[in-house]
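my_file-v6.pdb (PDB, N, CA, C and O atoms)
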```
ATOM      1  N   MET J   1     100.976  74.576 108.803
ATOM      2  CA  MET J   1     100.946  74.552 107.351
ATOM      3  C   MET J   1      99.906  75.574 106.902
ATOM      4  O   MET J   1      98.755  75.490 107.281
ATOM      5  N   ASN J   2     100.332  76.514 106.115
ATOM      6  CA  ASN J   2      99.394  77.519 105.636
ATOM      7  C   ASN J   2      98.968  77.212 104.205
ATOM      8  O   ASN J   2      99.445  76.268 103.576
ATOM      9  N   GLY J   3      98.060  78.018 103.689
ATOM     10  CA  GLY J   3      97.482  77.747 102.379
ATOM     11  C   GLY J   3      98.462  77.868 101.234
ATOM     12  O   GLY J   3      98.421  77.083 100.293
ATOM     13  N   LEU J   4      99.366  78.847 101.303
ATOM     14  CA  LEU J   4     100.301  79.048 100.192
ATOM     15  C   LEU J   4     101.286  77.892 100.076
ATOM     16  O   LEU J   4     101.602  77.454  98.964
ATOM     17  N   SER J   5     101.759  77.378 101.201
ATOM     18  CA  SER J   5     102.684  76.247 101.126
ATOM     19  C   SER J   5     101.980  75.017 100.547
ATOM     20  O   SER J   5     102.575  74.263  99.777
ATOM     21  N   THR J   6     100.722  74.839 100.899
ATOM     22  CA  THR J   6      99.954  73.722 100.350
ATOM     23  C   THR J   6      99.793  73.862  98.839
ATOM     24  O   THR J   6      99.974  72.895  98.091
ATOM     25  N   VAL J   7      99.467  75.053  98.393
ATOM     26  CA  VAL J   7      99.293  75.293  96.953
ATOM     27  C   VAL J   7     100.600  75.065  96.210
ATOM     28  O   VAL J   7     100.618  74.436  95.144
ATOM     29  N   LEU J   8     101.712  75.552  96.767
ATOM     30  CA  LEU J   8     103.007  75.367  96.101
ATOM     31  C   LEU J   8     103.382  73.897  95.998
ATOM     32  O   LEU J   8     103.894  73.445  94.964
ATOM     33  N   ILE J   9     103.129  73.123  97.047
ATOM     34  CA  ILE J   9     103.457  71.700  97.013
ATOM     35  C   ILE J   9     102.570  70.964  96.021
ATOM     36  O   ILE J   9     103.049  70.121  95.252
ATOM     37  N   VAL J  10     101.288  71.300  95.979
ATOM     38  CA  VAL J  10     100.376  70.644  95.034
ATOM     39  C   VAL J  10     100.750  70.980  93.590
ATOM     40  O   VAL J  10     100.785  70.096  92.724
ATOM     41  N   VAL J  11     101.077  72.234  93.320
ATOM     42  CA  VAL J  11     101.488  72.622  91.965
ATOM     43  C   VAL J  11     102.801  71.935  91.593
ATOM     44  O   VAL J  11     102.972  71.467  90.459
ATOM     45  N   GLY J  12     103.723  71.846  92.544
ATOM     46  CA  GLY J  12     104.981  71.156  92.284
ATOM     47  C   GLY J  12     104.786  69.690  91.959
ATOM     48  O   GLY J  12     105.417  69.145  91.050
ATOM     49  N   LEU J  13     103.887  69.030  92.688
ATOM     50  CA  LEU J  13     103.607  67.621  92.398
ATOM     51  C   LEU J  13     102.898  67.458  91.055
ATOM     52  O   LEU J  13     103.158  66.493  90.325
ATOM     53  N   PHE J  14     102.036  68.405  90.720
ATOM     54  CA  PHE J  14     101.378  68.372  89.412
ATOM     55  C   PHE J  14     102.403  68.504  88.286
ATOM     56  O   PHE J  14     102.360  67.769  87.290
ATOM     57  N   LEU J  15     103.323  69.437  88.444
ATOM     58  CA  LEU J  15     104.365  69.617  87.432
ATOM     59  C   LEU J  15     105.293  68.405  87.367
ATOM     60  O   LEU J  15     105.764  68.039  86.285
ATOM     61  N   LEU J  16     105.549  67.780  88.501
ATOM     62  CA  LEU J  16     106.372  66.566  88.510
ATOM     63  C   LEU J  16     105.692  65.437  87.742
ATOM     64  O   LEU J  16     106.350  64.682  87.023
ATOM     65  N   GLY J  17     104.381  65.348  87.883
ATOM     66  CA  GLY J  17     103.636  64.375  87.078
ATOM     67  C   GLY J  17     103.733  64.681  85.596
ATOM     68  O   GLY J  17     103.812  63.773  84.768
ATOM     69  N   GLY J  18     103.737  65.957  85.252
ATOM     70  CA  GLY J  18     103.914  66.344  83.851
ATOM     71  C   GLY J  18     105.284  65.980  83.327
ATOM     72  O   GLY J  18     105.429  65.563  82.175
ATOM     73  N   VAL J  19     106.303  66.123  84.172
ATOM     74  CA  VAL J  19     107.660  65.734  83.773
ATOM     75  C   VAL J  19     107.705  64.244  83.462
ATOM     76  O   VAL J  19     108.242  63.823  82.435
ATOM     77  N   ILE J  20     107.125  63.442  84.340
ATOM     78  CA  ILE J  20     107.122  61.986  84.133
ATOM     79  C   ILE J  20     106.371  61.636  82.852
ATOM     80  O   ILE J  20     106.822  60.803  82.056
ATOM     81  N   SER J  21     105.237  62.287  82.629
ATOM     82  CA  SER J  21     104.453  62.034  81.423
ATOM     83  C   SER J  21     105.210  62.434  80.161
ATOM     84  O   SER J  21     105.211  61.710  79.167
ATOM     85  N   PHE J  22     105.864  63.598  80.206
ATOM     86  CA  PHE J  22     106.598  64.061  79.028
ATOM     87  C   PHE J  22     107.800  63.172  78.718
ATOM     88  O   PHE J  22     108.130  62.967  77.553
ATOM     89  N   VAL J  23     108.445  62.657  79.754
ATOM     90  CA  VAL J  23     109.571  61.748  79.518
ATOM     91  C   VAL J  23     109.077  60.463  78.859
ATOM     92  O   VAL J  23     109.705  59.943  77.934
ATOM     93  N   LYS J  24     107.942  59.939  79.319
ATOM     94  CA  LYS J  24     107.390  58.721  78.732
ATOM     95  C   LYS J  24     106.961  58.933  77.280
ATOM     96  O   LYS J  24     107.026  58.014  76.474
ATOM     97  N   GLN J  25     106.514  60.155  76.946
ATOM     98  CA  GLN J  25     106.093  60.450  75.581
ATOM     99  C   GLN J  25     107.267  60.778  74.662
ATOM    100  O   GLN J  25     107.097  60.861  73.452
ATOM    101  N   GLY J  26     108.441  60.979  75.219
ATOM    102  CA  GLY J  26     109.615  61.276  74.411
ATOM    103  C   GLY J  26     109.676  62.718  73.939
ATOM    104  O   GLY J  26     110.165  62.987  72.844
ATOM    105  N   MET J  27     109.200  63.632  74.744
ATOM    106  CA  MET J  27     109.237  65.059  74.384
ATOM    107  C   MET J  27     110.680  65.562  74.413
ATOM    108  O   MET J  27     111.584  64.881  74.871
ATOM    109  N   GLY J  28     110.875  66.790  73.980
ATOM    110  CA  GLY J  28     112.203  67.370  73.908
ATOM    111  C   GLY J  28     112.826  67.576  75.284
ATOM    112  O   GLY J  28     112.134  67.808  76.273
ATOM    113  N   LYS J  29     114.142  67.479  75.314
ATOM    114  CA  LYS J  29     114.854  67.591  76.589
ATOM    115  C   LYS J  29     114.757  68.992  77.183
ATOM    116  O   LYS J  29     114.720  69.144  78.392
ATOM    117  N   SER J  30     114.704  70.002  76.332
ATOM    118  CA  SER J  30     114.637  71.362  76.863
ATOM    119  C   SER J  30     113.304  71.603  77.569
ATOM    120  O   SER J  30     113.264  72.251  78.624
ATOM    121  N   LEU J  31     112.226  71.081  77.032
ATOM    122  CA  LEU J  31     110.918  71.225  77.659
ATOM    123  C   LEU J  31     110.856  70.471  78.980
ATOM    124  O   LEU J  31     110.352  70.984  79.980
ATOM    125  N   VAL J  32     111.380  69.268  79.002
ATOM    126  CA  VAL J  32     111.402  68.465  80.228
ATOM    127  C   VAL J  32     112.270  69.135  81.278
ATOM    128  O   VAL J  32     111.912  69.181  82.462
ATOM    129  N   THR J  33     113.400  69.691  80.873
ATOM    130  CA  THR J  33     114.285  70.377  81.814
ATOM    131  C   THR J  33     113.617  71.611  82.408
ATOM    132  O   THR J  33     113.673  71.828  83.627
ATOM    133  N   LEU J  34     112.969  72.391  81.579
ATOM    134  CA  LEU J  34     112.274  73.580  82.059
ATOM    135  C   LEU J  34     111.150  73.222  83.025
ATOM    136  O   LEU J  34     110.983  73.851  84.072
ATOM    137  N   LEU J  35     110.401  72.193  82.698
ATOM    138  CA  LEU J  35     109.304  71.760  83.557
ATOM    139  C   LEU J  35     109.815  71.196  84.872
ATOM    140  O   LEU J  35     109.237  71.445  85.934
ATOM    141  N   SER J  36     110.927  70.464  84.832
ATOM    142  CA  SER J  36     111.475  69.905  86.066
ATOM    143  C   SER J  36     112.062  70.995  86.967
ATOM    144  O   SER J  36     111.965  70.907  88.193
ATOM    145  N   ILE J  37     112.631  72.036  86.385
ATOM    146  CA  ILE J  37     113.127  73.162  87.190
ATOM    147  C   ILE J  37     111.960  73.863  87.880
ATOM    148  O   ILE J  37     112.027  74.203  89.063
ATOM    149  N   GLY J  38     110.873  74.072  87.150
ATOM    150  CA  GLY J  38     109.685  74.681  87.745
ATOM    151  C   GLY J  38     109.099  73.834  88.859
ATOM    152  O   GLY J  38     108.696  74.350  89.905
ATOM    153  N   ALA J  39     109.061  72.518  88.655
ATOM    154  CA  ALA J  39     108.535  71.623  89.687
ATOM    155  C   ALA J  39     109.415  71.652  90.925
ATOM    156  O   ALA J  39     108.916  71.707  92.057
ATOM    157  N   ALA J  40     110.727  71.633  90.732
ATOM    158  CA  ALA J  40     111.643  71.664  91.866
ATOM    159  C   ALA J  40     111.529  72.968  92.636
ATOM    160  O   ALA J  40     111.538  72.974  93.882
ATOM    161  N   MET J  41     111.397  74.078  91.909
ATOM    162  CA  MET J  41     111.267  75.370  92.586
ATOM    163  C   MET J  41     109.976  75.441  93.405
ATOM    164  O   MET J  41     109.977  75.945  94.534
ATOM    165  N   CYS J  42     108.877  74.949  92.861
ATOM    166  CA  CYS J  42     107.616  74.959  93.606
ATOM    167  C   CYS J  42     107.693  74.074  94.847
ATOM    168  O   CYS J  42     107.235  74.471  95.927
ATOM    169  N   LEU J  43     108.268  72.898  94.699
ATOM    170  CA  LEU J  43     108.356  71.991  95.845
ATOM    171  C   LEU J  43     109.270  72.548  96.935
ATOM    172  O   LEU J  43     108.931  72.500  98.123
ATOM    173  N   VAL J  44     110.404  73.080  96.546
ATOM    174  CA  VAL J  44     111.328  73.638  97.533
ATOM    175  C   VAL J  44     110.710  74.846  98.230
ATOM    176  O   VAL J  44     110.793  74.976  99.458
ATOM    177  N   ALA J  45     110.048  75.712  97.474
ATOM    178  CA  ALA J  45     109.416  76.877  98.081
ATOM    179  C   ALA J  45     108.297  76.467  99.033
ATOM    180  O   ALA J  45     108.151  77.039 100.119
ATOM    181  N   GLY J  46     107.526  75.462  98.659
ATOM    182  CA  GLY J  46     106.456  74.990  99.529
ATOM    183  C   GLY J  46     106.975  74.380 100.809
ATOM    184  O   GLY J  46     106.441  74.611 101.892
ATOM    185  N   VAL J  47     108.052  73.598 100.706
ATOM    186  CA  VAL J  47     108.623  72.970 101.899
ATOM    187  C   VAL J  47     109.274  74.016 102.794
ATOM    188  O   VAL J  47     109.156  73.950 104.022
ATOM    189  N   LEU J  48     109.930  75.000 102.216
ATOM    190  CA  LEU J  48     110.582  76.030 103.029
ATOM    191  C   LEU J  48     109.568  76.919 103.739
ATOM    192  O   LEU J  48     109.885  77.506 104.765
ATOM    193  N   ARG J  49     108.361  77.032 103.200
ATOM    194  CA  ARG J  49     107.342  77.863 103.840
ATOM    195  C   ARG J  49     106.595  77.140 104.950
ATOM    196  O   ARG J  49     105.771  77.738 105.633
ATOM    197  N   LEU J  50     106.835  75.838 105.115
ATOM    198  CA  LEU J  50     106.190  75.107 106.197
ATOM    199  C   LEU J  50     106.666  75.644 107.544
ATOM    200  O   LEU J  50     107.804  76.054 107.700
ATOM    201  N   ASP J  51     105.785  75.618 108.516
ATOM    202  CA  ASP J  51     106.101  76.178 109.834
ATOM    203  C   ASP J  51     106.456  75.072 110.826
ATOM    204  O   ASP J  51     105.787  74.879 111.841
ATOM    205  N   TYR J  52     107.495  74.332 110.539
ATOM    206  CA  TYR J  52     107.910  73.256 111.446
ATOM    207  C   TYR J  52     108.626  73.786 112.682
ATOM    208  O   TYR J  52     108.548  73.212 113.735
ATOM    209  N   TRP J  53     109.354  74.870 112.539
ATOM    210  CA  TRP J  53     110.207  75.339 113.611
ATOM    211  C   TRP J  53     109.522  76.312 114.564
ATOM    212  O   TRP J  53     110.117  76.787 115.504
ATOM    213  N   ASN J  54     108.268  76.644 114.345
ATOM    214  CA  ASN J  54     107.551  77.560 115.245
ATOM    215  C   ASN J  54     106.726  76.817 116.252
ATOM    216  O   ASN J  54     106.189  75.851 116.142
TER     217      ASN J  54
END
```
Would you give me this structure, written as structure tokens?
Amino acid sequence: MNGLSTVLIVVGLFLLGGVISFVKQGMGKSLVTLLSIGAAMCLVAGVLRLDYWN
């Protein structure tokens, strides 16, 4: 596990927490959708950069 994958996973989890918070507050769907896409992209990129197969 390198530093960039760790940072991407942490940022993705932070954004996921923001999605949950925004849904509870009743924010607009477009904002929640944009934030959830960003969170998913960060999490997927972080997981794909993990060095499990080496």
Q: List the residues selected by the PyMOL selection byres ((chain J and resi 39) around 6) in the file shown, writing them as a ChimeraX atom specification.
A: /J:11-13,15-16,34-38,40-44
Q: For Gly46 of chain J, please output as a ChimeraX atom specification all residues within 7 Å (counting all atoms listed in the file; exclusion window: fewer than 6 positions along the same chain).
A: /J:4-9,40
Q) Suppose you want the space between atom N of Arg49 of chain J and atom N of Val10 of chain J; what is it in Å? A)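 Answer for the atom N of Arg49 of chain J to atom N of Val10 of chain J separation: 11.6 Å.
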Q: Taking the DSSP assignment computed from this structure's backbone, write out as a ChimeraX atom specification all residues of chain J that belong to helix (DSSP H, G or I).
A: /J:3-25,29-48
**Q.** For atom O of Leu50 of chain J and atom C of Ile20 of chain J, the interatomic separation in Å (one decimal)
**A.** 28.8 Å
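Interatomic distance, atom C of Ala45 of chain J against atom CA of Asn2 of chain J: 11.1 Å.
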Kindly list the centre and edge lengths in Å, rounded to one decimal, for the axis-aligned box that covers all listed atoms of segment 6-18 of chain J plus 4 Å on each of its six sides, as AutoDock Vina command-line options.
```
--center_x 102.8 --center_y 69.7 --center_z 91.5 --size_x 15.1 --size_y 19.8 --size_z 26.7
```
Incomplete segment 13-24 of chain J filled out to all heavy atoms as a PDB file, keeping the file's coordinate frame:
```pdb
ATOM      1  N   LEU J  13     103.887  69.030  92.688  1.00  0.00           N
ATOM      2  CA  LEU J  13     103.607  67.621  92.398  1.00  0.00           C
ATOM      3  C   LEU J  13     102.898  67.458  91.055  1.00  0.00           C
ATOM      4  O   LEU J  13     103.158  66.493  90.325  1.00  0.00           O
ATOM      5  CB  LEU J  13     102.770  67.017  93.521  1.00  0.00           C
ATOM      6  CG  LEU J  13     103.491  66.847  94.855  1.00  0.00           C
ATOM      7  CD1 LEU J  13     102.521  66.372  95.919  1.00  0.00           C
ATOM      8  CD2 LEU J  13     104.662  65.890  94.722  1.00  0.00           C
ATOM      9  N   PHE J  14     102.036  68.405  90.720  1.00  0.00           N
ATOM     10  CA  PHE J  14     101.378  68.372  89.412  1.00  0.00           C
ATOM     11  C   PHE J  14     102.403  68.504  88.286  1.00  0.00           C
ATOM     12  O   PHE J  14     102.360  67.769  87.290  1.00  0.00           O
ATOM     13  CB  PHE J  14     100.340  69.492  89.337  1.00  0.00           C
ATOM     14  CG  PHE J  14      99.634  69.588  88.022  1.00  0.00           C
ATOM     15  CD1 PHE J  14      98.648  68.684  87.682  1.00  0.00           C
ATOM     16  CD2 PHE J  14      99.960  70.587  87.116  1.00  0.00           C
ATOM     17  CE1 PHE J  14      97.993  68.778  86.470  1.00  0.00           C
ATOM     18  CE2 PHE J  14      99.318  70.690  85.910  1.00  0.00           C
ATOM     19  CZ  PHE J  14      98.321  69.777  85.581  1.00  0.00           C
ATOM     20  N   LEU J  15     103.323  69.437  88.444  1.00  0.00           N
ATOM     21  CA  LEU J  15     104.365  69.617  87.432  1.00  0.00           C
ATOM     22  C   LEU J  15     105.293  68.405  87.367  1.00  0.00           C
ATOM     23  O   LEU J  15     105.764  68.039  86.285  1.00  0.00           O
ATOM     24  CB  LEU J  15     105.166  70.883  87.726  1.00  0.00           C
ATOM     25  CG  LEU J  15     104.420  72.196  87.524  1.00  0.00           C
ATOM     26  CD1 LEU J  15     105.299  73.359  87.972  1.00  0.00           C
ATOM     27  CD2 LEU J  15     103.996  72.364  86.090  1.00  0.00           C
ATOM     28  N   LEU J  16     105.549  67.780  88.501  1.00  0.00           N
ATOM     29  CA  LEU J  16     106.372  66.566  88.510  1.00  0.00           C
ATOM     30  C   LEU J  16     105.692  65.437  87.742  1.00  0.00           C
ATOM     31  O   LEU J  16     106.350  64.682  87.023  1.00  0.00           O
ATOM     32  CB  LEU J  16     106.657  66.152  89.953  1.00  0.00           C
ATOM     33  CG  LEU J  16     107.629  65.004  90.154  1.00  0.00           C
ATOM     34  CD1 LEU J  16     109.005  65.394  89.635  1.00  0.00           C
ATOM     35  CD2 LEU J  16     107.694  64.628  91.615  1.00  0.00           C
ATOM     36  N   GLY J  17     104.381  65.348  87.883  1.00  0.00           N
ATOM     37  CA  GLY J  17     103.636  64.375  87.078  1.00  0.00           C
ATOM     38  C   GLY J  17     103.733  64.681  85.596  1.00  0.00           C
ATOM     39  O   GLY J  17     103.812  63.773  84.768  1.00  0.00           O
ATOM     40  N   GLY J  18     103.737  65.957  85.252  1.00  0.00           N
ATOM     41  CA  GLY J  18     103.914  66.344  83.851  1.00  0.00           C
ATOM     42  C   GLY J  18     105.284  65.980  83.327  1.00  0.00           C
ATOM     43  O   GLY J  18     105.429  65.563  82.175  1.00  0.00           O
ATOM     44  N   VAL J  19     106.303  66.123  84.172  1.00  0.00           N
ATOM     45  CA  VAL J  19     107.660  65.734  83.773  1.00  0.00           C
ATOM     46  C   VAL J  19     107.705  64.244  83.462  1.00  0.00           C
ATOM     47  O   VAL J  19     108.242  63.823  82.435  1.00  0.00           O
ATOM     48  CB  VAL J  19     108.678  66.095  84.882  1.00  0.00           C
ATOM     49  CG1 VAL J  19     110.025  65.453  84.619  1.00  0.00           C
ATOM     50  CG2 VAL J  19     108.822  67.590  85.008  1.00  0.00           C
ATOM     51  N   ILE J  20     107.125  63.442  84.340  1.00  0.00           N
ATOM     52  CA  ILE J  20     107.122  61.986  84.133  1.00  0.00           C
ATOM     53  C   ILE J  20     106.371  61.636  82.852  1.00  0.00           C
ATOM     54  O   ILE J  20     106.822  60.803  82.056  1.00  0.00           O
ATOM     55  CB  ILE J  20     106.515  61.285  85.361  1.00  0.00           C
ATOM     56  CG1 ILE J  20     107.422  61.484  86.562  1.00  0.00           C
ATOM     57  CG2 ILE J  20     106.285  59.809  85.094  1.00  0.00           C
ATOM     58  CD1 ILE J  20     106.819  61.064  87.882  1.00  0.00           C
ATOM     59  N   SER J  21     105.237  62.287  82.629  1.00  0.00           N
ATOM     60  CA  SER J  21     104.453  62.034  81.423  1.00  0.00           C
ATOM     61  C   SER J  21     105.210  62.434  80.161  1.00  0.00           C
ATOM     62  O   SER J  21     105.211  61.710  79.167  1.00  0.00           O
ATOM     63  CB  SER J  21     103.136  62.795  81.505  1.00  0.00           C
ATOM     64  OG  SER J  21     102.406  62.669  80.320  1.00  0.00           O
ATOM     65  N   PHE J  22     105.864  63.598  80.206  1.00  0.00           N
ATOM     66  CA  PHE J  22     106.598  64.061  79.028  1.00  0.00           C
ATOM     67  C   PHE J  22     107.800  63.172  78.718  1.00  0.00           C
ATOM     68  O   PHE J  22     108.130  62.967  77.553  1.00  0.00           O
ATOM     69  CB  PHE J  22     107.040  65.503  79.207  1.00  0.00           C
ATOM     70  CG  PHE J  22     105.953  66.511  78.965  1.00  0.00           C
ATOM     71  CD1 PHE J  22     104.665  66.129  78.688  1.00  0.00           C
ATOM     72  CD2 PHE J  22     106.235  67.860  79.012  1.00  0.00           C
ATOM     73  CE1 PHE J  22     103.662  67.050  78.465  1.00  0.00           C
ATOM     74  CE2 PHE J  22     105.242  68.808  78.795  1.00  0.00           C
ATOM     75  CZ  PHE J  22     103.958  68.396  78.519  1.00  0.00           C
ATOM     76  N   VAL J  23     108.445  62.657  79.754  1.00  0.00           N
ATOM     77  CA  VAL J  23     109.571  61.748  79.518  1.00  0.00           C
ATOM     78  C   VAL J  23     109.077  60.463  78.859  1.00  0.00           C
ATOM     79  O   VAL J  23     109.705  59.943  77.934  1.00  0.00           O
ATOM     80  CB  VAL J  23     110.317  61.452  80.846  1.00  0.00           C
ATOM     81  CG1 VAL J  23     111.280  60.299  80.697  1.00  0.00           C
ATOM     82  CG2 VAL J  23     111.050  62.697  81.318  1.00  0.00           C
ATOM     83  N   LYS J  24     107.942  59.939  79.319  1.00  0.00           N
ATOM     84  CA  LYS J  24     107.390  58.721  78.732  1.00  0.00           C
ATOM     85  C   LYS J  24     106.961  58.933  77.280  1.00  0.00           C
ATOM     86  O   LYS J  24     107.026  58.014  76.474  1.00  0.00           O
ATOM     87  CB  LYS J  24     106.191  58.234  79.548  1.00  0.00           C
ATOM     88  CG  LYS J  24     106.579  57.592  80.849  1.00  0.00           C
ATOM     89  CD  LYS J  24     105.351  57.056  81.567  1.00  0.00           C
ATOM     90  CE  LYS J  24     105.738  56.408  82.875  1.00  0.00           C
ATOM     91  NZ  LYS J  24     104.558  55.889  83.595  1.00  0.00           N
TER      92      LYS J  24
END
```
